[in-house]
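To start, the structure itself, in structure tokens.
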There are 2 protein chains.
Amino acid sequence: MEELKQRILQDGEVLDGDILKVNSFLNHQIDPQLMQRIGQQFKHLFDDQPVTKILTIEASGIAPALMTGLAFNVPVVFARKSKSAIQNDNSYHADVFSYTKKVTNHILVDRKFINPTDHVLIIDDFLANGEAVNGLIQVCNQAECTLTGIGIVIEKAFQKGGQQLRNSGYRLESLVRIKSLADQHVTFMED
Amino acid sequence: MEELKQRILQDGEVLDGDILKVNSFLNHQIDPQLMQRIGQQFKHLFDDQPVTKILTIEASGIAPALMTGLAFNVPVVFARKSKSAIQNDNSYHADVFSYTKKVTNHILVDRKFINPTDHVLIIDDFLANGEAVNGLIQVCNQAECTLTGIGIVIEKAFQKGGQQLRNSGYRLESLVRIKSLADQHVTFMED
């Protein structure tokens, strides 16, 4: 998605430790028009699939997921994070380790919002090691729904998450794939 | 907003302790089409104001705020919650006590996203005692921006937040105002 590449080059900040900060349009301040075009692009990419529900994780996943749900005209479910590991029978749950924050979040989704007849599209803002997406896949497995695919706004293709998901046979579509953040410089994968 | 009242009557759950759970379309599962109409309604209500930025708080405020930003064609900033009180000179900050969760969250907004020339519209999903909105007002005061108004999806009018804000002279528009949740029954204020 060319517009997104240009926006990353223009407004993204590369920090030490291979961190790309896109706080000005995705993670803290959000550009709603760009988000709408991102949602429409995911609709375009997964238009051959009978999607009934969008699944994401709070908080930064909500904006792209909501706009994807708007484009598909289906509900959006966001997994809630909890510091405590308290489980209850009414929820699907998984543990998600954050490499950025060095903390394990327990994520919860109320059982009533995903059921075996659902065709779920997972949407998230970033894919690096794949921890968050793998947590959402566990939720889908517990729900015994059909996992239609995974849509990612920004994939750090030099980390292992994307390759592992593709090797496992999941349909993964990333709007931009970053090859390297070395020397404070963003290099994209060739299309 | 009649559609929202009907949706609350149809899908809302009233729990002990005057809690209204609207997990099925606002707080956990989101109805994107309803959110878009909510955003358009806030645009209609504040259309006489020169809004340059929408301000909300993660996570449940993001969906209505994003759709309001889409309607106004302005950026949306969401305050981030942090358990730690670590402050830095790059952020506006406030303490927000949650009566529901019995915990104080420290909220942070990067200084670069709100400045004195901004006309800010605060949007949030719920207003009860007004803790979250008052935290966002503190952020606006620190930024020395113009606070255009406050838009709330669901106001619990039997709690003190709304009256206090109106008494203080803030322009507050709530899409629905709940008079009572007694006996597991939702009663709305008369329009």
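Labels used: A, B, ... for chains in the order of the structure tokens, numbers from 1 for residues in each chain, and numbers from 1 for ligands as shown.
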
Pull the closest atom pair for each residue of chain A that gets at most 6 Å from chain B, along with the distance in Å to one decimal, counting only C-alpha atoms, ordering rows by chain and then ascending residue number, as a tab-separated table.
residue	atom	partner	partner_atom	distance
A:His28	CA	B:Phe78	CA	5.6
A:Gln29	CA	B:Val77	CA	4.2
A:Ile30	CA	B:Val76	CA	5.1
A:Asp31	CA	B:Pro75	CA	5.1
A:Pro32	CA	B:Leu70	CA	5.1
A:Ala59	CA	B:Ala59	CA	5.3
A:Leu70	CA	B:Pro32	CA	5.1
A:Pro75	CA	B:Asp31	CA	5.1
A:Val76	CA	B:Ile30	CA	5.0
A:Val77	CA	B:Gln29	CA	4.2
A:Phe78	CA	B:His28	CA	5.6

Taking the backbone alone, and naming residues the way the document does, which bits of chain A are strand (DSSP E or B) by DSSP, as JSON, numbers by chain?
-> {"A": [13, 14, 15, 19, 20, 21, 29, 30, 53, 54, 55, 56, 57, 76, 77, 78, 79, 80, 81, 82, 91, 92, 93, 94, 95, 96, 97, 98, 103, 104, 105, 106, 107, 108, 109, 110, 119, 120, 121, 122, 123, 124, 125, 126, 127, 146, 147, 148, 149, 150, 151, 152, 153, 154, 155, 156, 172, 173, 174, 175, 176, 177, 178, 179, 180, 187, 188]}

Write out chain B, as a PDB file with C-alpha atoms, in the first residue's frame, after superposing it onto chain A by least squares using every C-alpha atom paired in order.
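That gives us result-v7.pdb:
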ATOM      1  CA  MET B   1      -0.023   0.005   0.010  1.00  0.00           C
ATOM      2  CA  GLU B   2       1.976   2.898  -1.378  1.00  0.00           C
ATOM      3  CA  GLU B   3       0.256   5.614   0.674  1.00  0.00           C
ATOM      4  CA  LEU B   4       1.179   3.799   3.871  1.00  0.00           C
ATOM      5  CA  LYS B   5       4.823   3.421   2.841  1.00  0.00           C
ATOM      6  CA  GLN B   6       5.028   7.143   2.141  1.00  0.00           C
ATOM      7  CA  ARG B   7       3.420   7.936   5.489  1.00  0.00           C
ATOM      8  CA  ILE B   8       5.885   5.684   7.323  1.00  0.00           C
ATOM      9  CA  LEU B   9       8.826   7.352   5.564  1.00  0.00           C
ATOM     10  CA  GLN B  10       7.409  10.801   6.310  1.00  0.00           C
ATOM     11  CA  ASP B  11       6.200  10.405   9.911  1.00  0.00           C
ATOM     12  CA  GLY B  12       7.690   7.184  11.309  1.00  0.00           C
ATOM     13  CA  GLU B  13      10.535   7.307  13.820  1.00  0.00           C
ATOM     14  CA  VAL B  14      13.078   4.500  14.026  1.00  0.00           C
ATOM     15  CA  LEU B  15      14.313   3.943  17.588  1.00  0.00           C
ATOM     16  CA  ASP B  16      17.075   1.725  18.948  1.00  0.00           C
ATOM     17  CA  GLY B  17      16.148  -1.935  19.186  1.00  0.00           C
ATOM     18  CA  ASP B  18      14.444  -2.160  15.793  1.00  0.00           C
ATOM     19  CA  ILE B  19      11.453  -0.179  17.014  1.00  0.00           C
ATOM     20  CA  LEU B  20       9.349   1.743  14.501  1.00  0.00           C
ATOM     21  CA  LYS B  21       7.227   4.406  16.164  1.00  0.00           C
ATOM     22  CA  VAL B  22       4.159   5.428  14.177  1.00  0.00           C
ATOM     23  CA  ASN B  23       2.516   7.330  17.024  1.00  0.00           C
ATOM     24  CA  SER B  24       1.452  10.182  14.785  1.00  0.00           C
ATOM     25  CA  PHE B  25      -1.054   8.249  12.664  1.00  0.00           C
ATOM     26  CA  LEU B  26      -1.641   4.774  14.137  1.00  0.00           C
ATOM     27  CA  ASN B  27      -0.719   4.134  17.785  1.00  0.00           C
ATOM     28  CA  HIS B  28      -1.491   7.284  19.746  1.00  0.00           C
ATOM     29  CA  GLN B  29      -2.729   9.841  17.251  1.00  0.00           C
ATOM     30  CA  ILE B  30      -4.856   8.233  14.528  1.00  0.00           C
ATOM     31  CA  ASP B  31      -5.562   9.469  11.007  1.00  0.00           C
ATOM     32  CA  PRO B  32      -9.200   8.373  10.488  1.00  0.00           C
ATOM     33  CA  GLN B  33      -9.164   8.841   6.696  1.00  0.00           C
ATOM     34  CA  LEU B  34      -6.028   6.706   6.349  1.00  0.00           C
ATOM     35  CA  MET B  35      -7.611   4.091   8.636  1.00  0.00           C
ATOM     36  CA  GLN B  36     -10.691   4.025   6.419  1.00  0.00           C
ATOM     37  CA  ARG B  37      -8.539   3.391   3.333  1.00  0.00           C
ATOM     38  CA  ILE B  38      -6.691   0.664   5.275  1.00  0.00           C
ATOM     39  CA  GLY B  39     -10.045  -0.981   6.086  1.00  0.00           C
ATOM     40  CA  GLN B  40     -11.083  -0.785   2.447  1.00  0.00           C
ATOM     41  CA  GLN B  41      -7.763  -2.332   1.399  1.00  0.00           C
ATOM     42  CA  PHE B  42      -8.282  -5.307   3.739  1.00  0.00           C
ATOM     43  CA  LYS B  43     -11.798  -5.672   2.283  1.00  0.00           C
ATOM     44  CA  HIS B  44     -10.259  -5.740  -1.182  1.00  0.00           C
ATOM     45  CA  LEU B  45      -7.632  -8.318  -0.167  1.00  0.00           C
ATOM     46  CA  PHE B  46     -10.068 -10.699   1.569  1.00  0.00           C
ATOM     47  CA  ASP B  47     -13.106 -10.004  -0.592  1.00  0.00           C
ATOM     48  CA  ASP B  48     -13.242 -13.632  -1.772  1.00  0.00           C
ATOM     49  CA  GLN B  49     -13.828 -14.789   1.818  1.00  0.00           C
ATOM     50  CA  PRO B  50     -17.166 -15.020   3.679  1.00  0.00           C
ATOM     51  CA  VAL B  51     -16.034 -12.954   6.679  1.00  0.00           C
ATOM     52  CA  THR B  52     -18.587 -12.732   9.521  1.00  0.00           C
ATOM     53  CA  LYS B  53     -16.435 -11.154  12.230  1.00  0.00           C
ATOM     54  CA  ILE B  54     -13.255  -9.115  12.721  1.00  0.00           C
ATOM     55  CA  LEU B  55     -11.053 -10.009  15.718  1.00  0.00           C
ATOM     56  CA  THR B  56      -8.324  -7.765  17.140  1.00  0.00           C
ATOM     57  CA  ILE B  57      -6.680  -6.844  20.441  1.00  0.00           C
ATOM     58  CA  GLU B  58      -6.881  -3.603  22.403  1.00  0.00           C
ATOM     59  CA  ALA B  59      -5.845  -0.841  22.047  1.00  0.00           C
ATOM     60  CA  SER B  60      -3.911  -0.114  18.834  1.00  0.00           C
ATOM     61  CA  GLY B  61      -5.652  -2.823  16.825  1.00  0.00           C
ATOM     62  CA  ILE B  62      -9.071  -1.242  17.313  1.00  0.00           C
ATOM     63  CA  ALA B  63      -8.793   1.540  14.700  1.00  0.00           C
ATOM     64  CA  PRO B  64      -7.770  -0.581  11.673  1.00  0.00           C
ATOM     65  CA  ALA B  65     -10.112  -3.402  12.791  1.00  0.00           C
ATOM     66  CA  LEU B  66     -13.078  -1.039  13.154  1.00  0.00           C
ATOM     67  CA  MET B  67     -12.588   0.340   9.657  1.00  0.00           C
ATOM     68  CA  THR B  68     -12.250  -3.199   8.272  1.00  0.00           C
ATOM     69  CA  GLY B  69     -15.492  -4.135  10.025  1.00  0.00           C
ATOM     70  CA  LEU B  70     -17.126  -1.067   8.481  1.00  0.00           C
ATOM     71  CA  ALA B  71     -15.972  -2.134   5.012  1.00  0.00           C
ATOM     72  CA  PHE B  72     -17.207  -5.727   5.492  1.00  0.00           C
ATOM     73  CA  ASN B  73     -20.335  -4.631   7.399  1.00  0.00           C
ATOM     74  CA  VAL B  74     -19.636  -7.141  10.194  1.00  0.00           C
ATOM     75  CA  PRO B  75     -19.060  -6.772  13.962  1.00  0.00           C
ATOM     76  CA  VAL B  76     -15.586  -6.173  15.416  1.00  0.00           C
ATOM     77  CA  VAL B  77     -14.483  -7.981  18.583  1.00  0.00           C
ATOM     78  CA  PHE B  78     -11.465  -6.755  20.495  1.00  0.00           C
ATOM     79  CA  ALA B  79      -9.723  -9.059  22.949  1.00  0.00           C
ATOM     80  CA  ARG B  80      -9.267  -7.410  26.336  1.00  0.00           C
ATOM     81  CA  LYS B  81      -5.936  -7.457  28.118  1.00  0.00           C
ATOM     82  CA  SER B  82      -5.739  -8.361  31.763  1.00  0.00           C
ATOM     83  CA  LYS B  83      -2.729  -8.431  34.066  1.00  0.00           C
ATOM     84  CA  SER B  84      -4.305 -11.137  36.195  1.00  0.00           C
ATOM     85  CA  ALA B  85      -4.555 -14.716  34.984  1.00  0.00           C
ATOM     86  CA  ILE B  86      -8.042 -15.154  36.406  1.00  0.00           C
ATOM     87  CA  GLN B  87      -9.964 -17.287  33.959  1.00  0.00           C
ATOM     88  CA  ASN B  88     -13.626 -17.931  33.845  1.00  0.00           C
ATOM     89  CA  ASP B  89     -15.750 -20.355  31.896  1.00  0.00           C
ATOM     90  CA  ASN B  90     -17.389 -17.559  29.939  1.00  0.00           C
ATOM     91  CA  SER B  91     -14.214 -16.517  28.134  1.00  0.00           C
ATOM     92  CA  TYR B  92     -11.694 -17.758  25.619  1.00  0.00           C
ATOM     93  CA  HIS B  93      -8.227 -16.833  26.804  1.00  0.00           C
ATOM     94  CA  ALA B  94      -4.547 -16.847  25.879  1.00  0.00           C
ATOM     95  CA  ASP B  95      -1.241 -15.486  27.168  1.00  0.00           C
ATOM     96  CA  VAL B  96       0.517 -12.891  25.036  1.00  0.00           C
ATOM     97  CA  PHE B  97       4.084 -11.853  25.784  1.00  0.00           C
ATOM     98  CA  SER B  98       5.009  -8.326  24.718  1.00  0.00           C
ATOM     99  CA  TYR B  99       8.676  -8.026  23.701  1.00  0.00           C
ATOM    100  CA  THR B 100       8.343  -4.227  23.649  1.00  0.00           C
ATOM    101  CA  LYS B 101       6.962  -3.956  27.172  1.00  0.00           C
ATOM    102  CA  LYS B 102       8.526  -7.153  28.593  1.00  0.00           C
ATOM    103  CA  VAL B 103       5.246  -8.205  30.144  1.00  0.00           C
ATOM    104  CA  THR B 104       2.797 -11.068  29.671  1.00  0.00           C
ATOM    105  CA  ASN B 105      -0.778 -10.009  29.092  1.00  0.00           C
ATOM    106  CA  HIS B 106      -3.654 -12.399  29.483  1.00  0.00           C
ATOM    107  CA  ILE B 107      -6.185 -11.774  26.763  1.00  0.00           C
ATOM    108  CA  LEU B 108      -9.857 -12.579  27.075  1.00  0.00           C
ATOM    109  CA  VAL B 109     -12.742 -12.793  24.629  1.00  0.00           C
ATOM    110  CA  ASP B 110     -16.287 -13.435  25.816  1.00  0.00           C
ATOM    111  CA  ARG B 111     -17.494 -16.750  24.396  1.00  0.00           C
ATOM    112  CA  LYS B 112     -20.766 -15.288  23.243  1.00  0.00           C
ATOM    113  CA  PHE B 113     -19.059 -13.125  20.615  1.00  0.00           C
ATOM    114  CA  ILE B 114     -17.389 -15.892  18.562  1.00  0.00           C
ATOM    115  CA  ASN B 115     -18.981 -19.213  17.771  1.00  0.00           C
ATOM    116  CA  PRO B 116     -18.248 -22.213  15.508  1.00  0.00           C
ATOM    117  CA  THR B 117     -20.265 -20.812  12.577  1.00  0.00           C
ATOM    118  CA  ASP B 118     -18.147 -17.629  12.431  1.00  0.00           C
ATOM    119  CA  HIS B 119     -15.604 -16.892   9.689  1.00  0.00           C
ATOM    120  CA  VAL B 120     -13.088 -14.710  11.503  1.00  0.00           C
ATOM    121  CA  LEU B 121     -10.591 -12.266  10.007  1.00  0.00           C
ATOM    122  CA  ILE B 122      -7.834 -11.264  12.469  1.00  0.00           C
ATOM    123  CA  ILE B 123      -6.601  -7.670  12.071  1.00  0.00           C
ATOM    124  CA  ASP B 124      -3.703  -6.075  13.957  1.00  0.00           C
ATOM    125  CA  ASP B 125      -1.499  -3.012  13.612  1.00  0.00           C
ATOM    126  CA  PHE B 126       1.933  -4.692  13.876  1.00  0.00           C
ATOM    127  CA  LEU B 127       3.376  -8.144  13.331  1.00  0.00           C
ATOM    128  CA  ALA B 128       6.855  -8.849  14.673  1.00  0.00           C
ATOM    129  CA  ASN B 129       7.362 -12.114  16.566  1.00  0.00           C
ATOM    130  CA  GLY B 130       3.701 -12.968  16.199  1.00  0.00           C
ATOM    131  CA  GLU B 131       2.835 -13.175  19.892  1.00  0.00           C
ATOM    132  CA  ALA B 132      -0.401 -11.183  19.659  1.00  0.00           C
ATOM    133  CA  VAL B 133      -1.625 -12.912  16.504  1.00  0.00           C
ATOM    134  CA  ASN B 134      -0.829 -16.326  17.971  1.00  0.00           C
ATOM    135  CA  GLY B 135      -2.894 -15.415  21.037  1.00  0.00           C
ATOM    136  CA  LEU B 136      -5.807 -14.489  18.765  1.00  0.00           C
ATOM    137  CA  ILE B 137      -5.381 -17.754  16.825  1.00  0.00           C
ATOM    138  CA  GLN B 138      -5.652 -19.639  20.133  1.00  0.00           C
ATOM    139  CA  VAL B 139      -8.906 -17.784  20.782  1.00  0.00           C
ATOM    140  CA  CYS B 140     -10.197 -18.873  17.351  1.00  0.00           C
ATOM    141  CA  ASN B 141      -9.153 -22.466  18.019  1.00  0.00           C
ATOM    142  CA  GLN B 142     -11.023 -22.454  21.334  1.00  0.00           C
ATOM    143  CA  ALA B 143     -14.072 -21.006  19.571  1.00  0.00           C
ATOM    144  CA  GLU B 144     -13.791 -23.684  16.855  1.00  0.00           C
ATOM    145  CA  CYS B 145     -14.577 -21.026  14.261  1.00  0.00           C
ATOM    146  CA  THR B 146     -13.149 -20.796  10.726  1.00  0.00           C
ATOM    147  CA  LEU B 147     -10.073 -18.575  10.616  1.00  0.00           C
ATOM    148  CA  THR B 148     -10.357 -16.821   7.262  1.00  0.00           C
ATOM    149  CA  GLY B 149      -7.052 -15.017   7.389  1.00  0.00           C
ATOM    150  CA  ILE B 150      -4.834 -12.474   9.084  1.00  0.00           C
ATOM    151  CA  GLY B 151      -4.488  -8.850   7.986  1.00  0.00           C
ATOM    152  CA  ILE B 152      -1.575  -6.786   9.310  1.00  0.00           C
ATOM    153  CA  VAL B 153      -0.967  -3.070   8.780  1.00  0.00           C
ATOM    154  CA  ILE B 154       2.832  -3.158   9.249  1.00  0.00           C
ATOM    155  CA  GLU B 155       4.846  -6.394   9.200  1.00  0.00           C
ATOM    156  CA  LYS B 156       8.419  -6.361  10.439  1.00  0.00           C
ATOM    157  CA  ALA B 157       9.460  -8.994   7.936  1.00  0.00           C
ATOM    158  CA  PHE B 158      12.926  -9.335   9.473  1.00  0.00           C
ATOM    159  CA  GLN B 159      11.354 -10.864  12.592  1.00  0.00           C
ATOM    160  CA  LYS B 160      10.041 -14.387  12.687  1.00  0.00           C
ATOM    161  CA  GLY B 161       6.249 -13.975  13.101  1.00  0.00           C
ATOM    162  CA  GLY B 162       5.218 -13.579   9.474  1.00  0.00           C
ATOM    163  CA  GLN B 163       7.316 -16.447   8.121  1.00  0.00           C
ATOM    164  CA  GLN B 164       6.099 -18.805  10.848  1.00  0.00           C
ATOM    165  CA  LEU B 165       2.454 -17.979  10.134  1.00  0.00           C
ATOM    166  CA  ARG B 166       2.906 -18.450   6.379  1.00  0.00           C
ATOM    167  CA  ASN B 167       4.781 -21.733   6.963  1.00  0.00           C
ATOM    168  CA  SER B 168       1.893 -22.905   9.141  1.00  0.00           C
ATOM    169  CA  GLY B 169      -0.467 -22.360   6.206  1.00  0.00           C
ATOM    170  CA  TYR B 170      -2.300 -19.279   7.415  1.00  0.00           C
ATOM    171  CA  ARG B 171      -3.337 -16.735   4.831  1.00  0.00           C
ATOM    172  CA  LEU B 172      -1.491 -13.591   5.872  1.00  0.00           C
ATOM    173  CA  GLU B 173      -1.764 -10.246   4.087  1.00  0.00           C
ATOM    174  CA  SER B 174       0.392  -7.336   5.256  1.00  0.00           C
ATOM    175  CA  LEU B 175      -0.188  -3.865   3.830  1.00  0.00           C
ATOM    176  CA  VAL B 176       3.511  -3.050   4.119  1.00  0.00           C
ATOM    177  CA  ARG B 177       6.444  -5.347   4.885  1.00  0.00           C
ATOM    178  CA  ILE B 178       9.597  -3.861   6.377  1.00  0.00           C
ATOM    179  CA  LYS B 179      12.846  -5.538   5.445  1.00  0.00           C
ATOM    180  CA  SER B 180      15.124  -3.624   7.770  1.00  0.00           C
ATOM    181  CA  LEU B 181      15.274  -0.788  10.278  1.00  0.00           C
ATOM    182  CA  ALA B 182      19.068  -0.776  10.404  1.00  0.00           C
ATOM    183  CA  ASP B 183      20.900   2.539  10.764  1.00  0.00           C
ATOM    184  CA  GLN B 184      17.649   4.368  11.615  1.00  0.00           C
ATOM    185  CA  HIS B 185      16.507   3.793   8.062  1.00  0.00           C
ATOM    186  CA  VAL B 186      13.284   2.100   6.894  1.00  0.00           C
ATOM    187  CA  THR B 187      13.772  -0.343   4.005  1.00  0.00           C
ATOM    188  CA  PHE B 188      10.669  -2.046   2.574  1.00  0.00           C
ATOM    189  CA  MET B 189      10.501  -5.490   0.997  1.00  0.00           C
ATOM    190  CA  GLU B 190      10.100  -5.369  -2.769  1.00  0.00           C
ATOM    191  CA  ASP B 191       6.453  -5.859  -3.793  1.00  0.00           C
TER     192      ASP B 191
END

Would you return as a PyMOL selection string the members of segment 3-191 of chain A that DSSP assigns to helix (DSSP H, G or I) on this structure's backbone?
-> chain A and resi 3-11+23-27+32-45+62-72+111-113+131-143+161-167+182-184
